[in-house]
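Here's the structure we're looking at; comments come further down.
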Amino acid sequence: MIYQGEEIPAGQELVGEICVVGAGAAGITCALELERYGKKVILLEAGGIERSKESQRLYAGKSTGMPYSISHTRLRVFGGTTEHWSGFCAPLDSEDFERKNYIKYSGWPITREELNPYYKKAAKILKLGQYNDNPDHWIDEKNGFMRYPYGEDLTEKIWHFSPPVRFGRDYKKHFEKSENVDVFLNSPVVDMTLDESTSRVGRVTVQSADKRYYVRAKKIILACGGLEVPRLLLNFNKQIAKGLGNESDNVGRFFQEHPEFHRAGTLLITGPTAHSKLYRGHTRKLKTRIAGFTQISNEIRVQKKLLSMAFYQLGADQLDDLGKEIQYYSNNLYGHQKYKDNIRVFRFIAEQEPNRDCRVQLDSKKDALGLFQPKLNLGLTDFDIRSMRDSVSTFANIISKHNIGKVKLLYPEMLESTREVVKKYMGWGNHHMGATRMSKNPSEGVVDTNCKVHTVDNLYIGSPSVFVTSGCSNPTFTIVALAVRLAEHVNNTL
Amino acid sequence: MKDDLKIVDRRTLIAFACGALSASGVFIFIPDGSKPISQQELIAVIKQLNPPKSLVAHIKQTWLGKSNLLDELYENIQKKLKDIPSTRVAIEAQITEDYEANKVMVVDGWIMSRTEVALCLMANG
Ligand SMILES: Cc1cc2nc3c(=O)[nH]c(=O)nc-3n(C[C@H](O)[C@H](O)[C@H](O)COP(=O)(O)OP(=O)(O)OC[C@H]3O[C@@H](n4cnc5c(N)ncnc54)[C@H](O)[C@@H]3O)c2cc1C
């Protein structure tokens with residue numbers, strides 16, 4: 001059933017087996033999975049069915065680092081930010097989970113292999129069609145899905161596209177009829193109280209309109225987005241002065257985004273594979289929409305000490321006069337005169353290294369609910385910048401080295417004054433990761449391998465904030481996979 | 001020495017490079033025992049590649065006399081010709097090597113290898 005928080009009498013205490021806080025990609029996935037297991041779920045959502053300025057205003061905050069809109073990069077509504085996400089989905093790579101000695105704080109305490117079965121389930125929830133992330137599966141020369149001949153220097157990484165699933169709109173009807181999941185709209189959680197042992201959350205406080213009601217549950221899953229989870233934990237500081245789960249001072253730290261160049265330059269692709277459909281968004285096999293993005297091989301990345309980065313084609317581009325001359329010259333050089341060239345815009349999405357100082361803290365200003373607003377210090381380290389620069393030039397060099405074509409950079413100055421160019425032209429992916437990271441050791445993170453807060457026995461986090469590193473994949477596919485895994489764990493341990 | 005074979009030094013090559021490549025039937029030679037670069041072959045390769053005039057002009061305007069690209073081209077190709085019999089193949093191998101070693105230049109945003117740029121400098125604009 002779906003209820004309005006305003007309907008709940010002041011001071012009322014609702015009791016359920018599991019309380020999920022936040023009805024976005026992670027929260028709704030957890031609720032759906034727990035419902036499948038026959039569990040009783042209370043799903044608390046801060047927003048309503050429709051977006052509203054009043055609700056969105058409660059997402060305001062301050063950015064003290066690089067310019068960043070804390071409010072516009074997320075939605076405070078039933079369905080969360082998926083109400084306007086783009087549907088790009090790719091799993092993290094095996095290497096993203098590994099510890100790399102040149103990336104400080106890298107290395108997840110779980111492996112990609114452990115996540116594989118959950119990615120399969122996530123693909124169904126996100127309606128990805130026939131999910132297969134092995135590029136070989138999609139090579140089909142007869143139908144024009146060929147690989148560019150770049151040997152082993154570059155690799156394809158397959159992206160799938162969700163229709164995109166809008167978790168709120170798409171699952172509203174389902175929850176209206178649900179017997180096991182009760183959704184409470186306009187019900188922001190404003191506090192959590194630990195019981196006497198201080199190792200369990202005893203009561204969750206919800207503020208709806210001008211009154212408060214409470215929820216008790218055996219287990220609580222905090223799933224209110226990658227910025228809001230650390231913000232709430234830091235705000236819940238009546239019993240633990242540093243904030244809930246923050247004994248080791250890791251809550252809010254290691255925040256990561258995906259730096260992106262929405263238009264990085266032009267790819268002039270020549271030769272027999274120039275028009276391969278593999279690299280463009282194409283619908284294949286059982287209506288599955290896929291595109292091959294390109295990555296520098298892990299070997300080269302390790303050798304050159306590079307973070308992860310994916311290059312992808314956006315649409316057709318045009319050459320200016322000089323470009324046409326370079327095209328003519330390089331076709332003569334490669335002996336590719338007989339082929340029709342393909343001219344494409346390319347963009348990239350990059351990884352940021354985990355950085356303790358890139359963090360969410362509390363501002364001195366409070367919101368209308370009495371919670372301190374978030375203050376985000378988002379910045380790029382010298383390593384982030386160097387990696388971006390070297391990845392771009394390595395990519396361009398490999399494309400030319402293998403006679404695939406030529407690369408034009410829209411901002412060639414980035415090869416010299418990278419930081420200035422990045423500051424001026426770079427965008428962000430709107431992905432909020434890392435600020436309650438997963439760790440084996442409680443001193444190094446906030447949640448354990450089951451996404452349970454180290455220091456609280458019944459509090460779990462379903463959010464991209466548990467990511468240790470962020471690779472170059474859009475996060476929602478992994479968020480949903482982790483949520484499926486979390487629901488399974490909660491069910492097994494209830 | 002045959003009529004159509006002249007022995008030239010590096011300076012001569014560069015002089016040729018700067019516009020005198022119309023001379024034909026000439027071998028370019030450095031006295032270190034390696035196979036000399038055949039200027040005929042070099043001209044033939046540049047003719048095949050046929051870099052368009054305004055690209056050549058653009059590159060000459062930017063780099064002619066300002067870098068040691070031609071010296072580098074000469075030395076690199078000469079070295080390659082110790083193992084590779086054809087100038088064209090040696091040039092292609094050098095271009096690959098340039099990209100591997102990030103020996104590139106930016107031409108109006110386009111990433112080009114130093115050898116590719118040097119060949120434009122040698123072409124008749
Ligand atoms: C324009 C845009 C495009 C994007 N495109 C992509 C893409 O193509 N691919 C991709 O992978 N990702 C994309 N993303 C990111 C993606 O939307 C998020 O990663 C994803 O929605 C995060 O899921 P979540 O469940 O962690 O958070 P959300 O989806 O944000 O859900 C959090 C929920 O918690 C609720 N909430 C907040 N505070 C409280 C509280 N105190 N009490 C109760 N409830 C609360 C919110 O109202 C919300 O419903 C995009 C984002 C934007 C902004």
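We label chains A, B, ... in the order they appear in the structure tokens, count residues from 1 in each chain, and number ligands from 1 in the order shown.
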Test item, strand (DSSP E) assignment across segment 248-384 of chain A, answer as a PyMOL selection string:
chain A and resi 259-269+282-284+288-296+309-316+342-350+359-366+372-377
As a PyMOL selection string, could you give me every residue of chain A near chain B (at most 6 Å apart, counting only C-alpha atoms)?
chain A and resi 325+329+332-333+397+401+407-409+412
Output file for the residues above (N, CA, C and O atoms, as a short mmCIF file (atom, residue, chain, number, x, y, z; two decimals), in the first residue's frame):
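Done, and the output landed in result.cif:
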```cif
data_model
loop_
_atom_site.label_atom_id
_atom_site.label_comp_id
_atom_site.auth_asym_id
_atom_site.auth_seq_id
_atom_site.Cartn_x
_atom_site.Cartn_y
_atom_site.Cartn_z
N GLU A 325 41.79 17.74 -45.04
CA GLU A 325 43.13 17.51 -45.61
C GLU A 325 43.88 16.44 -44.82
O GLU A 325 44.57 15.60 -45.40
N TYR A 329 45.27 12.92 -46.27
CA TYR A 329 46.67 12.54 -46.05
C TYR A 329 46.75 11.20 -45.31
O TYR A 329 47.48 10.29 -45.70
N ASN A 332 45.81 8.24 -47.42
CA ASN A 332 46.91 7.87 -48.32
C ASN A 332 47.96 7.08 -47.56
O ASN A 332 48.53 6.12 -48.06
N LEU A 333 48.21 7.51 -46.35
CA LEU A 333 49.22 6.85 -45.52
C LEU A 333 48.80 5.42 -45.18
O LEU A 333 49.59 4.48 -45.27
N ASN A 397 46.90 8.15 -29.39
CA ASN A 397 48.07 7.51 -30.00
C ASN A 397 47.77 6.09 -30.46
O ASN A 397 48.22 5.65 -31.52
N LYS A 401 48.16 4.69 -34.07
CA LYS A 401 49.19 3.66 -34.21
C LYS A 401 48.65 2.44 -34.96
O LYS A 401 49.35 1.84 -35.77
N VAL A 407 42.64 11.41 -34.31
CA VAL A 407 41.86 12.00 -33.23
C VAL A 407 42.10 13.50 -33.19
O VAL A 407 43.25 13.94 -33.22
N LYS A 408 41.04 14.24 -33.12
CA LYS A 408 41.17 15.69 -32.92
C LYS A 408 40.63 16.02 -31.53
O LYS A 408 39.52 15.62 -31.18
N LEU A 409 41.43 16.73 -30.77
CA LEU A 409 40.98 17.13 -29.44
C LEU A 409 40.31 18.50 -29.54
O LEU A 409 40.85 19.42 -30.18
N PRO A 412 42.86 20.99 -27.22
CA PRO A 412 44.21 20.41 -27.22
C PRO A 412 45.10 21.00 -26.13
O PRO A 412 46.07 20.37 -25.71
#
```
Extract, using only C-alpha atoms, all DNA, RNA and protein residues at most 10 Å from segment 61-76 of chain A, discarding same-chain residues fewer than 3 positions from it, and format them as a PyMOL selection string.
chain A and resi 22-24+45-58+79-85+186+188+224-228+358-363+365-367+372-380+423+427-432
Which neighbours of Asp249 of chain A fall inside 9 Å, counting only C-alpha atoms, when residues of the same chain fewer than 2 positions from it are skipped, and could you give them as number ranges by chain?
A: 242-243, 245-247, 251-253, 443-446
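These are the residues of segment 148-321 of chain A assigned alpha helix (DSSP H) by DSSP from backbone coordinates: Phe167, Gly168, Arg169, Asp170, Tyr171, Lys172, Lys173, His174, Phe175, Glu176, Lys177, Glu228, Val229, Pro230, Arg231, Leu232, Leu233, Leu234, Asn235, Asn298, Glu299, Ile300, Arg301, Val302, Gln303, Lys304 and Asp321 of chain A.
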For N, CA and C atoms, I'd like the residues from the last selection saved as a CSV table (one decimal), in the first residue's frame.
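Output contents, as saved in result.csv:
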```
chain,number,residue,atom,x,y,z
A,167,PHE,N,12.0,4.2,-11.4
A,167,PHE,CA,11.6,3.4,-10.3
A,167,PHE,C,10.3,3.8,-9.7
A,168,GLY,N,10.1,5.1,-9.6
A,168,GLY,CA,8.8,5.6,-9.0
A,168,GLY,C,7.6,5.3,-9.9
A,169,ARG,N,7.7,5.9,-11.1
A,169,ARG,CA,6.5,5.7,-12.0
A,169,ARG,C,6.3,4.2,-12.4
A,170,ASP,N,7.4,3.5,-12.6
A,170,ASP,CA,7.2,2.1,-13.0
A,170,ASP,C,6.7,1.2,-11.9
A,171,TYR,N,7.1,1.5,-10.7
A,171,TYR,CA,6.7,0.5,-9.6
A,171,TYR,C,5.5,1.0,-8.7
A,172,LYS,N,5.0,2.2,-9.0
A,172,LYS,CA,4.0,2.8,-8.2
A,172,LYS,C,2.8,1.8,-8.1
A,173,LYS,N,2.3,1.4,-9.2
A,173,LYS,CA,1.1,0.5,-9.2
A,173,LYS,C,1.4,-0.8,-8.4
A,174,HIS,N,2.6,-1.3,-8.6
A,174,HIS,CA,3.0,-2.5,-7.9
A,174,HIS,C,2.8,-2.3,-6.4
A,175,PHE,N,3.3,-1.2,-5.9
A,175,PHE,CA,3.3,-1.0,-4.5
A,175,PHE,C,1.9,-0.6,-4.0
A,176,GLU,N,1.1,0.0,-4.8
A,176,GLU,CA,-0.3,0.3,-4.4
A,176,GLU,C,-1.0,-1.0,-4.1
A,177,LYS,N,-0.6,-2.1,-4.7
A,177,LYS,CA,-1.3,-3.4,-4.5
A,177,LYS,C,-0.6,-4.3,-3.5
A,228,GLU,N,23.1,11.9,0.6
A,228,GLU,CA,22.3,12.1,1.8
A,228,GLU,C,22.6,11.1,2.8
A,229,VAL,N,23.1,9.9,2.5
A,229,VAL,CA,23.4,8.9,3.5
A,229,VAL,C,24.5,9.4,4.4
A,230,PRO,N,25.6,9.9,3.9
A,230,PRO,CA,26.6,10.5,4.9
A,230,PRO,C,26.1,11.7,5.6
A,231,ARG,N,25.3,12.5,4.9
A,231,ARG,CA,24.8,13.7,5.6
A,231,ARG,C,23.9,13.3,6.8
A,232,LEU,N,23.0,12.3,6.6
A,232,LEU,CA,22.1,12.0,7.7
A,232,LEU,C,23.0,11.3,8.8
A,233,LEU,N,23.9,10.4,8.5
A,233,LEU,CA,24.7,9.8,9.5
A,233,LEU,C,25.4,10.9,10.4
A,234,LEU,N,25.9,11.9,9.7
A,234,LEU,CA,26.7,12.9,10.4
A,234,LEU,C,25.7,13.8,11.3
A,235,ASN,N,24.5,13.9,10.8
A,235,ASN,CA,23.4,14.6,11.5
A,235,ASN,C,22.9,13.9,12.8
A,298,ASN,N,44.1,-2.9,-19.3
A,298,ASN,CA,44.5,-2.9,-18.0
A,298,ASN,C,46.1,-2.9,-17.9
A,299,GLU,N,46.7,-3.6,-18.8
A,299,GLU,CA,48.2,-3.7,-18.8
A,299,GLU,C,48.8,-2.3,-19.0
A,300,ILE,N,48.3,-1.6,-20.0
A,300,ILE,CA,48.8,-0.3,-20.2
A,300,ILE,C,48.5,0.7,-19.1
A,301,ARG,N,47.3,0.5,-18.5
A,301,ARG,CA,46.9,1.4,-17.4
A,301,ARG,C,47.9,1.2,-16.2
A,302,VAL,N,48.2,-0.1,-16.0
A,302,VAL,CA,49.1,-0.4,-14.8
A,302,VAL,C,50.5,0.2,-15.1
A,303,GLN,N,50.9,-0.1,-16.3
A,303,GLN,CA,52.3,0.4,-16.7
A,303,GLN,C,52.4,1.9,-16.7
A,304,LYS,N,51.3,2.6,-17.1
A,304,LYS,CA,51.4,4.1,-17.1
A,304,LYS,C,50.8,4.7,-15.9
A,321,ASP,N,38.0,22.3,-43.0
A,321,ASP,CA,38.8,22.2,-44.2
A,321,ASP,C,40.1,21.5,-43.9
```
Which residue gives the smallest distance to Gly107 of chain A among A:His402, A:Arg356, A:Lys124, A:Lys440, with only C-alpha atoms counted?
A:Lys440
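If you look at atom CA of Gly144 of chain A and atom CA of Phe293 of chain A, they are 16.2 Å away from each other.
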Applying 10 Å and only C-alpha atoms, which residues near Leu64 of chain B remain after dropping the ones on its own chain fewer than 4 positions away? List them as a count of residues only.
11
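The residue that comes closest to ligand 1, out of A:Leu44, A:Ala123, A:Val484, A:Leu194 and on the basis of only C-alpha atoms and all ligand atoms, is A:Leu44.
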Hey, what's within 7 Å of Arg437 of chain A if we count only C-alpha atoms and toss same-chain stuff fewer than 5 positions away? As a ChimeraX atom specification, please?
/A:445-447,465-468
Name all residues at most 12 Å from Lys211 of chain A (count only C-alpha atoms; drop same-chain ones fewer than 2 positions away) and give them as a PyMOL selection string.
chain A and resi 5-12+186-188+190+205-209+213-214+369
I need the chosen residues saved as a compact mmCIF listing (two decimals), in the first residue's frame, with all heavy atoms.
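File result.txt, as written:
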```
# COMPACT_ATOMS: atom_id res chain seq x y z
N GLY A 5 2.51 10.36 4.47
CA GLY A 5 3.01 10.52 5.84
C GLY A 5 2.09 11.39 6.69
O GLY A 5 1.92 11.17 7.89
N GLU A 6 1.46 12.38 6.02
CA GLU A 6 0.60 13.30 6.76
C GLU A 6 -0.57 12.58 7.43
O GLU A 6 -1.14 13.07 8.40
CB GLU A 6 0.02 14.37 5.81
CG GLU A 6 1.06 15.25 5.14
CD GLU A 6 1.56 14.70 3.82
OE1 GLU A 6 1.76 13.47 3.72
OE2 GLU A 6 1.76 15.49 2.88
N GLU A 7 -0.93 11.39 6.89
CA GLU A 7 -2.08 10.65 7.46
C GLU A 7 -1.72 9.98 8.78
O GLU A 7 -2.59 9.53 9.51
CB GLU A 7 -2.51 9.52 6.50
CG GLU A 7 -3.01 9.98 5.16
CD GLU A 7 -3.08 8.81 4.15
OE1 GLU A 7 -2.96 7.63 4.55
OE2 GLU A 7 -3.24 9.12 2.95
N ILE A 8 -0.46 9.83 9.08
CA ILE A 8 -0.04 9.09 10.28
C ILE A 8 -0.13 10.03 11.49
O ILE A 8 0.46 11.12 11.46
CB ILE A 8 1.40 8.54 10.15
CG1 ILE A 8 1.59 7.85 8.80
CG2 ILE A 8 1.78 7.65 11.32
CD1 ILE A 8 0.72 6.64 8.56
N PRO A 9 -0.84 9.62 12.52
CA PRO A 9 -0.99 10.51 13.68
C PRO A 9 0.35 10.81 14.35
O PRO A 9 1.25 9.96 14.35
CB PRO A 9 -1.88 9.70 14.64
CG PRO A 9 -2.50 8.62 13.81
CD PRO A 9 -1.59 8.36 12.67
N ALA A 10 0.43 11.99 14.93
CA ALA A 10 1.67 12.39 15.62
C ALA A 10 1.99 11.38 16.72
O ALA A 10 1.09 10.91 17.42
CB ALA A 10 1.51 13.78 16.21
N GLY A 11 3.25 11.03 16.84
CA GLY A 11 3.70 10.16 17.92
C GLY A 11 3.45 8.68 17.67
O GLY A 11 3.92 7.82 18.44
N GLN A 12 2.75 8.34 16.59
CA GLN A 12 2.46 6.92 16.32
C GLN A 12 3.75 6.14 16.06
O GLN A 12 4.71 6.67 15.48
CB GLN A 12 1.53 6.79 15.12
CG GLN A 12 1.31 5.34 14.71
CD GLN A 12 -0.15 5.06 14.39
OE1 GLN A 12 -1.04 5.90 14.62
NE2 GLN A 12 -0.41 3.88 13.87
N ASN A 186 6.24 11.50 1.59
CA ASN A 186 6.44 12.73 2.37
C ASN A 186 6.84 12.41 3.80
O ASN A 186 6.33 13.00 4.76
CB ASN A 186 5.16 13.59 2.35
CG ASN A 186 4.77 13.92 0.92
OD1 ASN A 186 5.63 14.25 0.11
ND2 ASN A 186 3.50 13.78 0.59
N SER A 187 7.71 11.45 3.93
CA SER A 187 8.10 10.96 5.25
C SER A 187 9.62 10.93 5.42
O SER A 187 10.24 9.86 5.51
CB SER A 187 7.54 9.54 5.45
OG SER A 187 6.13 9.59 5.46
N PRO A 188 10.24 12.10 5.46
CA PRO A 188 11.69 12.11 5.62
C PRO A 188 12.13 11.65 7.01
O PRO A 188 11.54 12.05 8.01
CB PRO A 188 12.05 13.58 5.41
CG PRO A 188 10.80 14.34 5.71
CD PRO A 188 9.67 13.45 5.31
N VAL A 190 14.43 11.91 10.02
CA VAL A 190 15.22 13.03 10.54
C VAL A 190 16.10 12.63 11.73
O VAL A 190 16.92 13.42 12.18
CB VAL A 190 14.33 14.24 10.93
CG1 VAL A 190 13.71 14.87 9.69
CG2 VAL A 190 13.25 13.83 11.93
N THR A 205 13.06 8.20 13.49
CA THR A 205 12.13 9.33 13.61
C THR A 205 11.82 9.92 12.24
O THR A 205 12.73 10.20 11.46
CB THR A 205 12.74 10.44 14.50
OG1 THR A 205 13.11 9.84 15.74
CG2 THR A 205 11.76 11.58 14.74
N VAL A 206 10.53 10.07 11.99
CA VAL A 206 10.09 10.61 10.70
C VAL A 206 9.36 11.92 10.94
O VAL A 206 8.56 12.02 11.88
CB VAL A 206 9.11 9.61 10.02
CG1 VAL A 206 8.70 10.12 8.64
CG2 VAL A 206 9.72 8.22 9.92
N GLN A 207 9.64 12.89 10.11
CA GLN A 207 8.94 14.17 10.25
C GLN A 207 8.04 14.32 9.04
O GLN A 207 8.51 14.34 7.89
CB GLN A 207 9.99 15.29 10.24
CG GLN A 207 9.44 16.68 10.12
CD GLN A 207 9.49 17.43 11.44
OE1 GLN A 207 10.38 17.22 12.24
NE2 GLN A 207 8.52 18.31 11.66
N SER A 208 6.74 14.41 9.29
CA SER A 208 5.84 14.62 8.16
C SER A 208 4.99 15.84 8.46
O SER A 208 4.35 15.90 9.50
CB SER A 208 4.98 13.39 7.93
OG SER A 208 4.42 13.47 6.65
N ALA A 209 4.99 16.78 7.57
CA ALA A 209 4.38 18.10 7.82
C ALA A 209 4.96 18.61 9.13
O ALA A 209 6.17 18.60 9.31
CB ALA A 209 2.87 18.00 7.82
N TYR A 213 6.41 11.00 13.54
CA TYR A 213 6.02 9.64 13.92
C TYR A 213 7.26 8.77 13.90
O TYR A 213 8.35 9.22 13.49
CB TYR A 213 4.86 9.12 13.05
CG TYR A 213 5.17 8.81 11.61
CD1 TYR A 213 5.57 7.53 11.22
CD2 TYR A 213 5.01 9.78 10.61
CE1 TYR A 213 5.81 7.23 9.88
CE2 TYR A 213 5.25 9.49 9.28
CZ TYR A 213 5.66 8.21 8.91
OH TYR A 213 5.89 7.92 7.60
N TYR A 214 7.12 7.52 14.36
CA TYR A 214 8.32 6.71 14.59
C TYR A 214 8.17 5.33 13.94
O TYR A 214 7.06 4.84 13.73
CB TYR A 214 8.55 6.55 16.10
CG TYR A 214 8.64 7.90 16.78
CD1 TYR A 214 7.51 8.47 17.38
CD2 TYR A 214 9.82 8.63 16.76
CE1 TYR A 214 7.57 9.73 17.96
CE2 TYR A 214 9.89 9.90 17.33
CZ TYR A 214 8.76 10.44 17.93
OH TYR A 214 8.83 11.69 18.48
N LEU A 369 13.82 21.17 8.15
CA LEU A 369 13.53 20.07 9.07
C LEU A 369 14.46 20.09 10.29
O LEU A 369 14.42 19.21 11.14
CB LEU A 369 13.67 18.72 8.36
CG LEU A 369 12.76 18.48 7.15
CD1 LEU A 369 13.13 17.19 6.44
CD2 LEU A 369 11.30 18.44 7.61
```
Nearest to Asp457 of chain A by atom-to-atom distance, counting only C-alpha atoms, from A:Ser400, A:Ser417, A:Thr198, A:Thr394
A:Thr198
